[in-house]
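Here's the structure, in structure tokens; my notes come after.
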Amino acid sequence: MNNVTITVNAQTLSAPEGSILLQVLLDNGVSVPHFCYHEALGVDGNCRMCMVEIEGQKRPQIACNTRVKEGMSIRTLSDSIMAVKRSILELELINHPVDCPICDQAGECSLQNYYMEVGLYESRIDRADKVRKAKKVDLGSHVILDQERCVLCARCTRFTENIIGTGDLVIANRGNHACVTTFEPQGLKADGYAMNVVDLCPVGALTSGDFRFHQRVWFLKSDPSLCHGCARGCSIFIDHYPQKYGDDLIYRYRPRVEREVNGFFICDEGRLSYKNHTGDATLTTPRYSGTAITLSEALELYHQKLAASGSGVVALASPSLSCENLTALRDYCLQYAIPLFGVERGSFDETFGDDFLRLNDRAANRSALPLLGISEDESEMNAALCAASLVLNFDNQTPVSVDQIHFCVHPIDTRELQIPIAPYTEQSGSIINAFGKVQKFASTIRRRHPVPPLHELLSTIKGLA
Amino acid sequence: MIQRIVSRKFDIPDAHRIDVALLHGGYATLSKAFAMEPDAITTEIERSGLRGKGGGGAPTGKKWRLMPKTISPSYLVVNADESEPGTFKDRQILQYDPHLLIEGIIVSAYAMGADHAYVYIRGEYKAFHDRLVEAVEEAYERGYLGENIRNSGFNLSLSVHRGAGAYICGEKSALLESLEGKRGHPRLKPAKPECEWYFGHPATVNNVETIATVPFIVQEGFEAYRAYGTDQSPGTMLFAMSGHISRPGVYELPFGLRMMEVIDELGGGVKNGKKLKAVIPGGASTPVLTAEEAEKATLDYETLSAMGSGLGTGGMIIMDEESCMVKALHNLLSFYRHESCGQCTPCREGTGWVDTLIRHILAGRGDETHIQTLLDVSKTMNGQTICVFAPAVSGVINAFVKKFRPEFEHYFQRSEG
Ligand SMILES: Cc1cc2nc3c(=O)[nH]c(=O)nc-3n(C[C@H](O)[C@H](O)[C@H](O)COP(=O)(O)O)c2cc1C
Ligand code: SF4
Ligand code: SF4
Ligand code: SF4
Ligand code: FES
């Protein structure tokens with residue numbers, strides 16, 4: 001597409017000819033209130049909020065349904081356009097409950113923001129005249145609907161209809177009795193992607209049953225990261241609360257736009273996987289024979305066991321460990337002549353993959369193994385395990401019948417020695433997804449008593465073996 | 001005054017049966033039409049100046065030309081949704097001469113190259129639906145529909161589809177959505193004029209009466225049609241009269257007659273000898289006229305739109321001196337509140353709010369601010385929506401409030417007194 005020049009509020013912009021005006025404005029940081037348009041869902045034109053003034057046009061036009069043309073001159077702030085926006089916002093609000101103080105969306109709500117930006121008038125409708133609808137409908141898949149707060153932008157219905165293709169959500173009834181609903185009670189499934197509608201909903205109509213009322217969003221800090229739930233490695237935001245006198249807790253994952261990997265969405269299972277990495281879900285102190293021990297006690301035991309096993313030691317690496325951890329582990333094993341395998345039984349789940357985002361390969365970094373020269377030969381591994389007297393298990397879920405020492409993220413129900421290593425949320429690193437894309441992630445969560453990442457731990461125990 | 005083009009067979013007993021229809025010239029146009037080039041038919045329609053009779057008055061021939069000939073199959077969709085208060089003309093055709101409609105459909109589909117035709121009929125019109133279906137079955141049996149119609153080599157199938165009771169499904173793009181099995185939501189209008197689309201295929205939507213007029217024009221030539229009416233409103237239309245009128249009914253008249261002449265002479269004047277207060281000229285969605293305006297009005301597109309109203313569907317609602325205009329507006333607004341499809345914010349919320357405001361005024365709780373709010377909301381509803389439903393409501397409100405404001409104010413005084 002050719003680039004053309006347009007003028008916006010006396011500022012000159014260059015944009016591809018024929019592109020969606022609203023998108024161009026948003027990409028250039030021009031604030032234009034809008035509800036129904038979403039880059040992933042396209043134009044619907046129902047909310048009428050994105051009005052702009054276009055020179056040469058008698059009436060204000062919706063920017064989402066306007067294509068960019070050479071020489072277009074647009075105003076978004078003139079008195080007349082502000083008056084139009086205010087009048088439409090007024091209509092948007094007449095039947096809205098405006099119960100922001102008890103609304104989970106408060107602080108990240110488009111309606112609330114626009115109201116602060118262009119509204120701020122006395123309501124002209126009697127509260128008794130507002131249309132009442134259901135305040136709490138469990139749509140299924142952890143999604144809760146407040147029909148009164150819904151602005152009927154149809155983002156959620158368009159998501160299930162056009163993106164997922166299940167059409168679980170529909171709008172029923174007409175006029176101001178229209179409401180979002182499902183065909184059957186709790187009928188929202190959306191093939192395991194349902195919770196994306198919570199992010200898409202511009203207001204507090206759809207909230208996450210998993211997140212709502214747990215934390216006010218203005219206390220949360222959002223940091224970019226990568227889901228490790230499968231070999232796609234979707235981009236996410238980790239929303240967490242760095243408490244002053246306690247651990248930094250994760251409250252939710254949200255999708256982060258990464259066009260080449262996950263687009264705008266993530267799967268529900270990945271979204272809820274934060275639970276495995278927060279609070280006391282992870283192992284924080286070494287354990288032996290069912291009791292907690294100190295790290296130096298643990299390393300002492302480690303060396304004793306290692307010495308006792310002589311040459312019968314085999315190491316197993318989880319194919320979800322970062323490149324940095326795998327490299328350190330490979331070097332460690334090379335140095336001490338310990339055979340290392342990256343095979344993990346059970347890490348392929350034939351029931352998980354689909355034709356959207358989810359992949360059967362549940363390991364986050366399997367693509368790194370051949371690049372690092374870590375063996376993926378299962379029969380060799382089996383042979384080595386048969387001959388082994390001790391297995392050093394680096395977070396690998398393969399069932400093993402030999403005596404093991406576990407370097408693990410999660411507590412394991414065993415009396416064997418377990419030494420904690422940091423989850424990916426607590427360290428930086430990189431992973432290579434199933435399509436060969438190298439992706440970096442930063443450390444987001446700080447514990448008061450940090451658990452070392454594997455590569456750090458290995459550097460401290462290196463010379464002692 | 002009365003002319004008989006589409007109503008020609010209305011008074012013939014059993015003209016809805018194919019044998020009777022055939023005896024009276026039914027399907028006679030087909031042999032002439034099939035002998036013509038399809039394009040020549042469209043040209044004939046263009047020259048006749050035929051305007052769509054579903055309310056918009058768009059030139060029919062021009063609309064047919066928007067059908068791309070390169071994509072097949074393509075569709076002719078006949079709009080028999082007729083749900084607007086005050087409009088009840090298409091049902092006459094369905095009831096008394098369904099074969100004229102089928103004949104029109106065959107000729108029109110042949111002209112635009114449509115492979116399949118649909119009639120989308122208002123759900124509540126069950127009896128007319130059944131009658132049309134019977135006629136369609138007869139037409140299939142006699143070879144007027146189906147493969148190789150009357151040895152012309154032209155194929156056309158015709159299906160009749162019942163709506164589910166939504167006024168908005170009369171709007172052409174909502175109708176097509178509904179026909180596709182979706183919610184009847186009007187579609188965003190394209191930037192440049194183009195045909196409609198049915199499952200991604202070209203489609204033309206025309207009103208029942210529009211299509212029923214086609215056989216006459218093809219048979220008699222465009223000049224015969226232009227012999228009636230005015231330059232900008234050629235031909236005839238089925239005008240309906242309801243409300244406070246002595247002889248309510250549907251009359252086929254040439255365009256351009258004086259409104260009062262029609263009301264007084266054909267309609268027998270205002271019922272019970274009362275005085276006229278107001279006329280809604282062309283179905284509920286056209287702005288109301290005062291009695292003085294009605295005196296000046298003629299029944300054509302140009303005059304009524306110059307008066308700030310419209311010819312619409314030609315369905316006149318006559319209101320006598322005792323009519324309460326606030327109650328009349330309330331009646332209309334409760335209809336619109338119920339029928340807004342609910343997509344666009346200004347319409348969904350606006351139709352509800354204006355109805356609420358009127359209810360307050362009627363209950364004696366109103367004051368000047370209610371009228372101001374009514375006009376403000378009406379302004380927001382105008383020109384900012386996907387379809388013309390909301391702008392039409394806005395026009396209705398403005399006309400009632402501006403022309404009959406003292407009646408609204410009268411209700412405030414009541415509460416004070
Ligand atoms: C709210 C609304 C309701 C309508 N209802 C009808 C209807 O019941 N019948 C009809 O023929 N046209 C109706 N129309 C007009 C149609 O959109 C369309 O213009 C018409 O069917 C085209 O046919 P014509 O060109 O032959 O008039 C309606 C339009 C709107 C906006
Ligand atoms: S629930 Fe949210 S996303 Fe869905 S229509 Fe309502 S406001 Fe839009
Ligand atoms: S598709 Fe895979 S990487 Fe993406 S969110 Fe789901 S589990 Fe995580
Ligand atoms: S104007 Fe009203 S009826 Fe038309 S699309 Fe919008 S909400 Fe629906
Ligand atoms: S964003 Fe343009 S109309 Fe909703």
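Every chain in the structure tokens takes a letter, A first, then B, and so on in the order presented; its residues are numbered from 1, and the ligands are numbered from 1 following the presented order.
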Within 8 Å of ligand 1 (counting only C-alpha atoms and all ligand atoms), which residues show up? I'd like them as JSON, numbers by chain. {"B": [51, 52, 53, 54, 55, 56, 57, 58, 59, 60, 63, 78, 79, 80, 81, 82, 83, 84, 122, 167, 168, 169, 170, 171, 172, 173, 205, 206, 207, 208, 209, 210, 211, 387, 388, 389]}
How would you write, as an mmCIF file with N, CA, C and O atoms, in the first residue's frame, the set of residues in stretch 68-170 of chain A that DSSP gives as alpha helix (DSSP H)?
data_model
loop_
_atom_site.group_PDB
_atom_site.id
_atom_site.type_symbol
_atom_site.label_atom_id
_atom_site.label_comp_id
_atom_site.auth_asym_id
_atom_site.auth_seq_id
_atom_site.Cartn_x
_atom_site.Cartn_y
_atom_site.Cartn_z
ATOM 1 N N ASP A 79 -14.846 21.802 19.184
ATOM 2 C CA ASP A 79 -16.005 21.890 20.081
ATOM 3 C C ASP A 79 -17.153 21.043 19.570
ATOM 4 O O ASP A 79 -17.826 20.355 20.335
ATOM 5 N N SER A 80 -17.365 21.099 18.243
ATOM 6 C CA SER A 80 -18.539 20.391 17.734
ATOM 7 C C SER A 80 -18.365 18.875 17.885
ATOM 8 O O SER A 80 -19.305 18.177 18.244
ATOM 9 N N ILE A 81 -17.161 18.378 17.642
ATOM 10 C CA ILE A 81 -16.987 16.929 17.755
ATOM 11 C C ILE A 81 -17.017 16.499 19.226
ATOM 12 O O ILE A 81 -17.527 15.420 19.566
ATOM 13 N N MET A 82 -16.512 17.352 20.094
ATOM 14 C CA MET A 82 -16.591 17.020 21.519
ATOM 15 C C MET A 82 -18.049 16.958 21.963
ATOM 16 O O MET A 82 -18.424 16.103 22.772
ATOM 17 N N ALA A 83 -18.859 17.858 21.416
ATOM 18 C CA ALA A 83 -20.282 17.860 21.780
ATOM 19 C C ALA A 83 -20.950 16.567 21.314
ATOM 20 O O ALA A 83 -21.751 15.974 22.045
ATOM 21 N N VAL A 84 -20.595 16.124 20.118
ATOM 22 C CA VAL A 84 -21.175 14.870 19.607
ATOM 23 C C VAL A 84 -20.752 13.700 20.494
ATOM 24 O O VAL A 84 -21.566 12.873 20.906
ATOM 25 N N LYS A 85 -19.467 13.663 20.815
ATOM 26 C CA LYS A 85 -18.976 12.558 21.647
ATOM 27 C C LYS A 85 -19.658 12.563 23.007
ATOM 28 O O LYS A 85 -20.016 11.510 23.547
ATOM 29 N N ARG A 86 -19.828 13.773 23.549
ATOM 30 C CA ARG A 86 -20.457 13.867 24.855
ATOM 31 C C ARG A 86 -21.895 13.352 24.777
ATOM 32 O O ARG A 86 -22.362 12.646 25.665
ATOM 33 N N SER A 87 -22.573 13.694 23.691
ATOM 34 C CA SER A 87 -23.979 13.279 23.616
ATOM 35 C C SER A 87 -24.100 11.765 23.443
ATOM 36 O O SER A 87 -25.018 11.147 23.973
ATOM 37 N N ILE A 88 -23.166 11.166 22.733
ATOM 38 C CA ILE A 88 -23.239 9.708 22.578
ATOM 39 C C ILE A 88 -22.844 9.016 23.882
ATOM 40 O O ILE A 88 -23.463 8.044 24.298
ATOM 41 N N LEU A 89 -21.849 9.568 24.535
ATOM 42 C CA LEU A 89 -21.443 9.007 25.826
ATOM 43 C C LEU A 89 -22.583 9.118 26.838
ATOM 44 O O LEU A 89 -22.810 8.212 27.644
ATOM 45 N N GLU A 90 -23.307 10.204 26.762
ATOM 46 C CA GLU A 90 -24.444 10.366 27.676
ATOM 47 C C GLU A 90 -25.437 9.217 27.468
ATOM 48 O O GLU A 90 -25.921 8.618 28.424
ATOM 49 N N LEU A 91 -25.687 8.906 26.183
ATOM 50 C CA LEU A 91 -26.619 7.808 25.900
ATOM 51 C C LEU A 91 -26.036 6.475 26.356
ATOM 52 O O LEU A 91 -26.749 5.602 26.844
ATOM 53 N N GLU A 92 -24.740 6.327 26.199
ATOM 54 C CA GLU A 92 -24.100 5.080 26.630
ATOM 55 C C GLU A 92 -24.286 4.898 28.134
ATOM 56 O O GLU A 92 -24.356 3.778 28.639
ATOM 57 N N LEU A 93 -24.371 6.000 28.847
ATOM 58 C CA LEU A 93 -24.394 5.925 30.309
ATOM 59 C C LEU A 93 -25.787 5.932 30.927
ATOM 60 O O LEU A 93 -25.921 5.627 32.106
ATOM 61 N N ILE A 94 -26.831 6.282 30.131
ATOM 62 C CA ILE A 94 -28.115 6.458 30.824
ATOM 63 C C ILE A 94 -28.593 5.182 31.496
ATOM 64 O O ILE A 94 -29.187 5.236 32.564
ATOM 65 N N SER A 110 -12.615 1.510 29.758
ATOM 66 C CA SER A 110 -12.708 2.534 28.718
ATOM 67 C C SER A 110 -13.816 3.520 29.039
ATOM 68 O O SER A 110 -13.649 4.731 28.882
ATOM 69 N N LEU A 111 -14.949 3.008 29.493
ATOM 70 C CA LEU A 111 -16.084 3.886 29.760
ATOM 71 C C LEU A 111 -15.730 4.902 30.845
ATOM 72 O O LEU A 111 -16.001 6.093 30.710
ATOM 73 N N GLN A 112 -15.096 4.410 31.884
ATOM 74 C CA GLN A 112 -14.693 5.286 32.974
ATOM 75 C C GLN A 112 -13.692 6.341 32.475
ATOM 76 O O GLN A 112 -13.817 7.524 32.757
ATOM 77 N N ASN A 113 -12.741 5.899 31.665
ATOM 78 C CA ASN A 113 -11.744 6.837 31.143
ATOM 79 C C ASN A 113 -12.385 7.903 30.265
ATOM 80 O O ASN A 113 -12.084 9.085 30.389
ATOM 81 N N TYR A 114 -13.277 7.474 29.355
ATOM 82 C CA TYR A 114 -13.889 8.444 28.443
ATOM 83 C C TYR A 114 -14.773 9.407 29.214
ATOM 84 O O TYR A 114 -14.880 10.581 28.880
ATOM 85 N N TYR A 115 -15.407 8.872 30.229
ATOM 86 C CA TYR A 115 -16.270 9.719 31.042
ATOM 87 C C TYR A 115 -15.436 10.816 31.693
ATOM 88 O O TYR A 115 -15.832 11.972 31.751
ATOM 89 N N MET A 116 -14.242 10.436 32.148
ATOM 90 C CA MET A 116 -13.352 11.422 32.760
ATOM 91 C C MET A 116 -12.851 12.404 31.699
ATOM 92 O O MET A 116 -12.600 13.557 31.979
ATOM 93 N N GLU A 117 -12.713 11.904 30.470
ATOM 94 C CA GLU A 117 -12.146 12.734 29.408
ATOM 95 C C GLU A 117 -13.175 13.702 28.825
ATOM 96 O O GLU A 117 -12.904 14.880 28.685
ATOM 97 N N VAL A 118 -14.340 13.178 28.465
ATOM 98 C CA VAL A 118 -15.287 14.054 27.758
ATOM 99 C C VAL A 118 -16.627 14.211 28.472
ATOM 100 O O VAL A 118 -17.422 15.057 28.110
ATOM 101 N N ARG A 155 -17.922 -7.167 21.053
ATOM 102 C CA ARG A 155 -16.567 -7.716 20.915
ATOM 103 C C ARG A 155 -16.539 -9.179 21.328
ATOM 104 O O ARG A 155 -15.938 -10.017 20.662
ATOM 105 N N CYS A 156 -17.194 -9.488 22.441
ATOM 106 C CA CYS A 156 -17.137 -10.857 22.961
ATOM 107 C C CYS A 156 -17.835 -11.826 22.009
ATOM 108 O O CYS A 156 -17.341 -12.919 21.756
ATOM 109 N N THR A 157 -18.973 -11.409 21.472
ATOM 110 C CA THR A 157 -19.702 -12.311 20.568
ATOM 111 C C THR A 157 -18.932 -12.470 19.261
ATOM 112 O O THR A 157 -18.879 -13.552 18.693
ATOM 113 N N ARG A 158 -18.328 -11.391 18.806
ATOM 114 C CA ARG A 158 -17.549 -11.501 17.564
ATOM 115 C C ARG A 158 -16.320 -12.383 17.783
ATOM 116 O O ARG A 158 -15.872 -13.081 16.880
#
Spatial neighbours of A:Cys36, 10 Å, only C-alpha atoms, chain gap at least 3 places, as a PyMOL selection string: chain A and resi 39+41-50+64+151-156+158+200-202
Collect all residues with atoms no farther than 7 Å from ligand 3, counting only C-alpha atoms and all ligand atoms, and output them as a PyMOL selection string. chain A and resi 227-234+262+266-271+357-359
Using DSSP secondary structure from the backbone, list all strand (DSSP E or B) positions within stretch 244-283 of chain A, as a PyMOL selection string. chain A and resi 248-255+258+263
Could you save the residues just selected, with C-alpha atoms, as a compact mmCIF listing (two decimals), in the first residue's frame?
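Generated output (again-v6.txt):
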# COMPACT_ATOMS: atom_id res chain seq x y z
CA ASP A 248 5.53 -10.51 45.27
CA LEU A 249 2.32 -12.29 44.27
CA ILE A 250 1.03 -12.96 40.76
CA TYR A 251 -2.66 -12.19 40.28
CA ARG A 252 -3.14 -12.94 36.64
CA TYR A 253 -1.61 -13.44 33.22
CA ARG A 254 -2.92 -11.45 30.28
CA PRO A 255 -2.04 -11.80 26.59
CA GLU A 258 2.99 -10.52 19.51
CA GLY A 263 -1.47 -12.37 17.99
Hey, which bits of chain B sit within 7 Å of chain A, and for each residue what's the closest pair of atoms and how far apart in Å (one decimal), counting only C-alpha atoms, rows by chain and increasing number, as a Markdown table?
| residue | atom | partner | partner_atom | distance |
| --- | --- | --- | --- | --- |
| B:Leu188 | CA | A:Gly45 | CA | 6.9 |
| B:Arg337 | CA | A:Gly175 | CA | 6.3 |
| B:His338 | CA | A:Gly175 | CA | 6.3 |
| B:Glu339 | CA | A:Gly175 | CA | 6.6 |
| B:Ser340 | CA | A:Gly175 | CA | 4.7 |
| B:Cys341 | CA | A:Arg174 | CA | 5.0 |
| B:Gly342 | CA | A:Gly175 | CA | 3.9 |
| B:Gln343 | CA | A:Asn46 | CA | 5.3 |
| B:Cys344 | CA | A:Asn46 | CA | 4.5 |
| B:Thr345 | CA | A:Cys47 | CA | 5.3 |
| B:Pro346 | CA | A:Ile88 | CA | 6.2 |
| B:Arg348 | CA | A:Gly175 | CA | 4.7 |
| B:Glu349 | CA | A:Leu91 | CA | 5.7 |
| B:Gly350 | CA | A:Leu91 | CA | 6.5 |
| B:Gly352 | CA | A:Asn176 | CA | 6.5 |
| B:Thr380 | CA | A:Ser87 | CA | 6.4 |
| B:Gln384 | CA | A:Arg48 | CA | 6.7 |
| B:Thr385 | CA | A:Arg48 | CA | 6.9 |
Quick check, in Å to one decimal: how far apart do atom CA of A:Arg447 and atom CA of A:Ser208 lie? 26.0 Å
Leaving out B:Arg65 and any residue of its chain fewer than 2 positions from it, which residues lie within 12 Å of it when counting only C-alpha atoms, given as a ChimeraX atom specification? /B:38-43,45-46,59-63,67-69,108,111-113,193-196,202-204
Hey, can you spit out that residue selection with N, CA, C and O atoms as an mmCIF file, in the first residue's frame?
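The result, stored in out_15.cif:
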data_model
loop_
_atom_site.group_PDB
_atom_site.id
_atom_site.type_symbol
_atom_site.label_atom_id
_atom_site.label_comp_id
_atom_site.auth_asym_id
_atom_site.auth_seq_id
_atom_site.Cartn_x
_atom_site.Cartn_y
_atom_site.Cartn_z
ATOM 1 N N PRO B 38 -32.111 -9.166 -21.650
ATOM 2 C CA PRO B 38 -32.310 -8.780 -20.247
ATOM 3 C C PRO B 38 -32.017 -7.295 -20.006
ATOM 4 O O PRO B 38 -32.768 -6.613 -19.321
ATOM 5 N N ASP B 39 -30.930 -6.834 -20.596
ATOM 6 C CA ASP B 39 -30.547 -5.442 -20.385
ATOM 7 C C ASP B 39 -31.582 -4.455 -20.897
ATOM 8 O O ASP B 39 -31.752 -3.376 -20.340
ATOM 9 N N ALA B 40 -32.248 -4.864 -21.986
ATOM 10 C CA ALA B 40 -33.267 -3.976 -22.562
ATOM 11 C C ALA B 40 -34.421 -3.788 -21.576
ATOM 12 O O ALA B 40 -35.046 -2.720 -21.526
ATOM 13 N N ILE B 41 -34.687 -4.823 -20.777
ATOM 14 C CA ILE B 41 -35.749 -4.702 -19.764
ATOM 15 C C ILE B 41 -35.329 -3.686 -18.711
ATOM 16 O O ILE B 41 -36.093 -2.797 -18.330
ATOM 17 N N THR B 42 -34.076 -3.811 -18.259
ATOM 18 C CA THR B 42 -33.580 -2.854 -17.266
ATOM 19 C C THR B 42 -33.653 -1.430 -17.823
ATOM 20 O O THR B 42 -34.035 -0.493 -17.115
ATOM 21 N N THR B 43 -33.314 -1.278 -19.079
ATOM 22 C CA THR B 43 -33.390 0.052 -19.694
ATOM 23 C C THR B 43 -34.823 0.586 -19.684
ATOM 24 O O THR B 43 -35.069 1.753 -19.384
ATOM 25 N N ILE B 45 -37.139 -0.193 -17.581
ATOM 26 C CA ILE B 45 -37.475 0.171 -16.194
ATOM 27 C C ILE B 45 -36.832 1.510 -15.837
ATOM 28 O O ILE B 45 -37.455 2.380 -15.227
ATOM 29 N N GLU B 46 -35.585 1.686 -16.268
ATOM 30 C CA GLU B 46 -34.902 2.961 -16.015
ATOM 31 C C GLU B 46 -35.689 4.109 -16.613
ATOM 32 O O GLU B 46 -35.916 5.139 -15.985
ATOM 33 N N PRO B 59 -34.506 4.899 -7.412
ATOM 34 C CA PRO B 59 -34.775 4.492 -8.790
ATOM 35 C C PRO B 59 -34.444 3.011 -8.992
ATOM 36 O O PRO B 59 -33.319 2.586 -8.741
ATOM 37 N N THR B 60 -35.426 2.261 -9.445
ATOM 38 C CA THR B 60 -35.279 0.811 -9.496
ATOM 39 C C THR B 60 -34.279 0.345 -10.561
ATOM 40 O O THR B 60 -33.421 -0.508 -10.290
ATOM 41 N N GLY B 61 -34.365 0.924 -11.754
ATOM 42 C CA GLY B 61 -33.488 0.482 -12.838
ATOM 43 C C GLY B 61 -32.021 0.673 -12.485
ATOM 44 O O GLY B 61 -31.179 -0.201 -12.706
ATOM 45 N N LYS B 62 -31.728 1.831 -11.893
ATOM 46 C CA LYS B 62 -30.360 2.156 -11.516
ATOM 47 C C LYS B 62 -29.830 1.121 -10.512
ATOM 48 O O LYS B 62 -28.674 0.699 -10.577
ATOM 49 N N LYS B 63 -30.712 0.724 -9.623
ATOM 50 C CA LYS B 63 -30.332 -0.255 -8.602
ATOM 51 C C LYS B 63 -30.011 -1.611 -9.260
ATOM 52 O O LYS B 63 -29.027 -2.257 -8.901
ATOM 53 N N MET B 67 -25.911 -4.788 -10.068
ATOM 54 C CA MET B 67 -25.641 -6.226 -9.938
ATOM 55 C C MET B 67 -24.490 -6.623 -10.859
ATOM 56 O O MET B 67 -24.609 -6.522 -12.078
ATOM 57 N N PRO B 68 -23.362 -7.083 -10.288
ATOM 58 C CA PRO B 68 -22.290 -7.540 -11.173
ATOM 59 C C PRO B 68 -22.732 -8.841 -11.865
ATOM 60 O O PRO B 68 -23.323 -9.705 -11.222
ATOM 61 N N LYS B 69 -22.457 -8.940 -13.145
ATOM 62 C CA LYS B 69 -22.961 -10.103 -13.898
ATOM 63 C C LYS B 69 -22.000 -11.282 -13.818
ATOM 64 O O LYS B 69 -22.270 -12.357 -14.303
ATOM 65 N N SER B 108 -38.191 -9.603 -13.476
ATOM 66 C CA SER B 108 -37.101 -8.834 -12.854
ATOM 67 C C SER B 108 -35.847 -9.691 -12.722
ATOM 68 O O SER B 108 -34.729 -9.226 -12.978
ATOM 69 N N ALA B 111 -34.206 -9.968 -15.970
ATOM 70 C CA ALA B 111 -33.517 -8.720 -16.336
ATOM 71 C C ALA B 111 -32.175 -8.598 -15.642
ATOM 72 O O ALA B 111 -31.178 -8.212 -16.244
ATOM 73 N N MET B 112 -32.133 -8.931 -14.349
ATOM 74 C CA MET B 112 -30.874 -8.717 -13.624
ATOM 75 C C MET B 112 -30.009 -9.972 -13.599
ATOM 76 O O MET B 112 -28.917 -9.958 -13.033
ATOM 77 N N GLY B 113 -30.499 -11.053 -14.184
ATOM 78 C CA GLY B 113 -29.694 -12.278 -14.240
ATOM 79 C C GLY B 113 -29.634 -13.016 -12.924
ATOM 80 O O GLY B 113 -28.647 -13.686 -12.627
ATOM 81 N N PRO B 193 -21.915 3.295 -3.851
ATOM 82 C CA PRO B 193 -23.091 2.458 -4.105
ATOM 83 C C PRO B 193 -22.688 1.105 -4.672
ATOM 84 O O PRO B 193 -21.831 1.022 -5.552
ATOM 85 N N GLU B 194 -23.265 0.060 -4.132
ATOM 86 C CA GLU B 194 -23.050 -1.274 -4.695
ATOM 87 C C GLU B 194 -24.300 -2.095 -4.420
ATOM 88 O O GLU B 194 -25.190 -1.655 -3.697
ATOM 89 N N CYS B 195 -24.366 -3.289 -5.010
ATOM 90 C CA CYS B 195 -25.534 -4.133 -4.769
ATOM 91 C C CYS B 195 -25.481 -4.637 -3.332
ATOM 92 O O CYS B 195 -24.530 -4.402 -2.614
ATOM 93 N N GLU B 196 -26.523 -5.342 -2.939
ATOM 94 C CA GLU B 196 -26.506 -5.986 -1.623
ATOM 95 C C GLU B 196 -25.791 -7.325 -1.784
ATOM 96 O O GLU B 196 -25.505 -7.761 -2.902
ATOM 97 N N PRO B 202 -24.063 -11.487 -5.086
ATOM 98 C CA PRO B 202 -24.838 -10.288 -5.398
ATOM 99 C C PRO B 202 -26.332 -10.502 -5.161
ATOM 100 O O PRO B 202 -26.866 -11.578 -5.467
ATOM 101 N N ALA B 203 -26.964 -9.494 -4.640
ATOM 102 C CA ALA B 203 -28.400 -9.574 -4.383
ATOM 103 C C ALA B 203 -29.016 -8.194 -4.554
ATOM 104 O O ALA B 203 -28.352 -7.181 -4.343
ATOM 105 N N THR B 204 -30.260 -8.183 -4.991
ATOM 106 C CA THR B 204 -31.027 -6.945 -5.052
ATOM 107 C C THR B 204 -32.265 -7.141 -4.185
ATOM 108 O O THR B 204 -32.903 -8.183 -4.269
#
All residues 8 Å or closer to stretch 307-315 of chain A, only C-alpha atoms, same chain fewer than 2 positions away omitted, as a VMD selection string: chain A and resid 303 to 305 317 333 338 to 341 384 to 385 387 to 394 465
9 Å contact set for stretch 8-13 of chain B, only C-alpha atoms, chain neighbours under 5 positions out, as a ChimeraX atom specification: /B:3,20-21,24,92-93,95-97,100
Save out the residues we just selected, N, CA and C atoms, as an mmCIF file, in the first residue's frame.
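Wrote part_21.cif, looks like this:
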data_model
loop_
_atom_site.group_PDB
_atom_site.id
_atom_site.type_symbol
_atom_site.label_atom_id
_atom_site.label_comp_id
_atom_site.auth_asym_id
_atom_site.auth_seq_id
_atom_site.Cartn_x
_atom_site.Cartn_y
_atom_site.Cartn_z
ATOM 1 N N GLN B 3 -56.525 4.408 -10.435
ATOM 2 C CA GLN B 3 -55.952 3.772 -11.618
ATOM 3 C C GLN B 3 -55.678 2.328 -11.250
ATOM 4 N N VAL B 20 -57.645 -18.559 -12.768
ATOM 5 C CA VAL B 20 -58.339 -17.269 -12.880
ATOM 6 C C VAL B 20 -57.353 -16.191 -13.327
ATOM 7 N N ALA B 21 -56.172 -16.206 -12.714
ATOM 8 C CA ALA B 21 -55.172 -15.206 -13.068
ATOM 9 C C ALA B 21 -54.835 -15.299 -14.563
ATOM 10 N N HIS B 24 -57.236 -13.770 -16.894
ATOM 11 C CA HIS B 24 -57.228 -12.308 -16.899
ATOM 12 C C HIS B 24 -55.850 -11.745 -17.202
ATOM 13 N N GLN B 92 -52.102 -6.481 0.164
ATOM 14 C CA GLN B 92 -53.197 -6.552 -0.799
ATOM 15 C C GLN B 92 -52.752 -7.361 -2.018
ATOM 16 N N ILE B 93 -51.526 -7.121 -2.428
ATOM 17 C CA ILE B 93 -51.005 -7.852 -3.592
ATOM 18 C C ILE B 93 -50.874 -9.331 -3.254
ATOM 19 N N GLN B 95 -52.497 -10.978 -1.107
ATOM 20 C CA GLN B 95 -53.801 -11.588 -0.874
ATOM 21 C C GLN B 95 -54.602 -11.751 -2.163
ATOM 22 N N TYR B 96 -54.614 -10.685 -2.972
ATOM 23 C CA TYR B 96 -55.532 -10.698 -4.116
ATOM 24 C C TYR B 96 -54.875 -11.088 -5.432
ATOM 25 N N ASP B 97 -53.567 -10.838 -5.582
ATOM 26 C CA ASP B 97 -52.959 -11.166 -6.867
ATOM 27 C C ASP B 97 -51.517 -11.651 -6.705
ATOM 28 N N LEU B 100 -49.329 -11.969 -9.803
ATOM 29 C CA LEU B 100 -48.726 -10.770 -10.387
ATOM 30 C C LEU B 100 -47.321 -10.570 -9.805
#
